[in-house]
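Report on the following structure.
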Amino acid sequence: MLQELYWQRVQRFALPTEEETIRYANDFTRAHSWYKHLDWTEPTEFLFFISPSTGEWSYTIPSKYQSEKEWFNQEQVEDGSEVLTDKNHYSYFLPTEVAEKGKVMLTAFIHKSFESSENENFKVKHAEMKTLLLNKLQEILEFVKISFKN
């Protein structure tokens, strides 16, 4: 029942286009200061998903990196599904397969500031992180499109 609710809500919206997905990835790499707290070597798990309330890209990060604006509580329920609750107490139910598809491990090198670094190794690591993120978003989008057809 709850899994069906996610799909019903997401289907109300036009899915993000490829251009919007690329723009979102670009915005994500430069819009946040929490990256400064991420480890440079040990990746941190992020969860990306299409919001059932807006049809737009959204994400969660571990609470120790969240600002009040980005606050999410994340818990896993018995069947492996994720339940996310935002600062307005709106709960998002993510089916297990959506939560699994949406997980990606990122380091501080995801931030755009490394793109213009004088250190070539930092530039390469940033490009790798950004490619990883963009590929993950495109994978999620394809998964959602296929799920709509079924």
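We name chains A, B, ... following the order of the structure tokens; residues begin at 1 in each chain, and ligands are numbered from 1 as shown.
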So that I can see what lies close to Ala99 (chain A), please list as a short mmCIF file (atom, residue, chain, number, x, y, z; two decimals) with N, CA and C atoms, in the first residue's frame the residues with an atom at most 8 Å from it, counting only C-alpha atoms and leaving out residues fewer than 2 positions away in the same chain.
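Saved to around.cif:
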data_model
loop_
_atom_site.label_atom_id
_atom_site.label_comp_id
_atom_site.auth_asym_id
_atom_site.auth_seq_id
_atom_site.Cartn_x
_atom_site.Cartn_y
_atom_site.Cartn_z
N LEU A 47 21.37 9.92 -0.16
CA LEU A 47 20.21 9.26 -0.75
C LEU A 47 19.49 10.28 -1.62
N PHE A 48 19.48 10.04 -2.94
CA PHE A 48 18.81 10.91 -3.89
C PHE A 48 17.51 10.25 -4.33
N PHE A 49 16.48 11.06 -4.55
CA PHE A 49 15.18 10.53 -4.95
C PHE A 49 14.35 11.63 -5.57
N SER A 81 12.21 -0.48 3.45
CA SER A 81 11.83 0.81 2.87
C SER A 81 12.35 1.93 3.76
N GLU A 82 12.48 3.10 3.19
CA GLU A 82 12.95 4.27 3.93
C GLU A 82 11.76 5.21 4.18
N LEU A 94 9.72 6.02 0.89
CA LEU A 94 10.43 5.58 -0.31
C LEU A 94 10.44 4.07 -0.35
N PRO A 95 9.87 3.49 -1.38
CA PRO A 95 9.93 2.03 -1.52
C PRO A 95 11.38 1.54 -1.48
N THR A 96 11.56 0.33 -1.04
CA THR A 96 12.90 -0.26 -0.90
C THR A 96 13.73 -0.09 -2.15
N GLU A 97 13.15 -0.38 -3.30
CA GLU A 97 13.93 -0.31 -4.54
C GLU A 97 14.32 1.12 -4.88
N LYS A 101 18.26 2.24 -5.05
CA LYS A 101 18.76 2.86 -6.28
C LYS A 101 19.35 4.24 -6.00
N GLY A 102 18.80 4.93 -5.00
CA GLY A 102 19.18 6.31 -4.75
C GLY A 102 20.44 6.51 -3.93
N LYS A 103 21.00 5.45 -3.39
CA LYS A 103 22.17 5.60 -2.52
C LYS A 103 23.45 5.76 -3.34
#
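CA of Thr17 (chain A) lies 10.0 Å from CA of Glu56 (chain A).
Proximity of A:Glu18, A:Leu134, A:Asn26, A:Pro52 to Phe93 (chain A), computed with only C-alpha atoms, is greatest for A:Pro52.
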If we count only C-alpha atoms and set the cut-off at 8 Å, which residues sit around Phe148 (chain A), ignoring sequence neighbours fewer than 3 positions away in its own chain? Please answer as a short mmCIF file (atom, residue, chain, number, x, y, z; two decimals) with N, CA and C atoms, in the first residue's frame.
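Result saved to out39.cif:
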data_model
loop_
_atom_site.label_atom_id
_atom_site.label_comp_id
_atom_site.auth_asym_id
_atom_site.auth_seq_id
_atom_site.Cartn_x
_atom_site.Cartn_y
_atom_site.Cartn_z
N TRP A 7 4.47 5.78 -5.74
CA TRP A 7 4.39 5.79 -7.21
C TRP A 7 3.20 6.64 -7.69
N GLN A 11 3.81 10.03 -9.97
CA GLN A 11 3.23 10.05 -11.32
C GLN A 11 2.38 11.29 -11.59
N VAL A 144 12.76 5.05 -12.54
CA VAL A 144 11.42 5.59 -12.30
C VAL A 144 10.59 5.51 -13.59
N LYS A 145 11.19 5.86 -14.71
CA LYS A 145 10.48 5.78 -16.00
C LYS A 145 10.04 4.35 -16.29
#
Please report, as a list in words, each residue of region 21-57 of chain A to which DSSP assigns strand (DSSP E or B) when run on this structure's backbone. Thr44, Glu45, Phe46, Leu47, Phe48, Phe49, Ile50 and Trp57 of chain A
List as a list in words the protein and nucleic acid residues near region 112-115 of chain A, meaning an atom at most 8 Å away when only C-alpha atoms are counted, but skip any in the same chain fewer than 5 places from it.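 Once the nearby chain positions are removed, what remains is Thr29, Arg30, Phe122, Lys123, His126 and Ala127 of chain A.
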Find the distance between CA of Glu120 (chain A) and CA of Thr41 (chain A) and write it in Å to one decimal. 16.5 Å
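Across the model, the gap from CA of Pro16 (chain A) to CA of Val104 (chain A) is 18.9 Å.
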Of the candidates A:Asp27, A:Glu118, A:Glu128, A:Glu100, which one gets nearest to Phe143 (chain A) if we count only C-alpha atoms?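 Smallest separation from Phe143 (chain A) among the options: A:Glu100.
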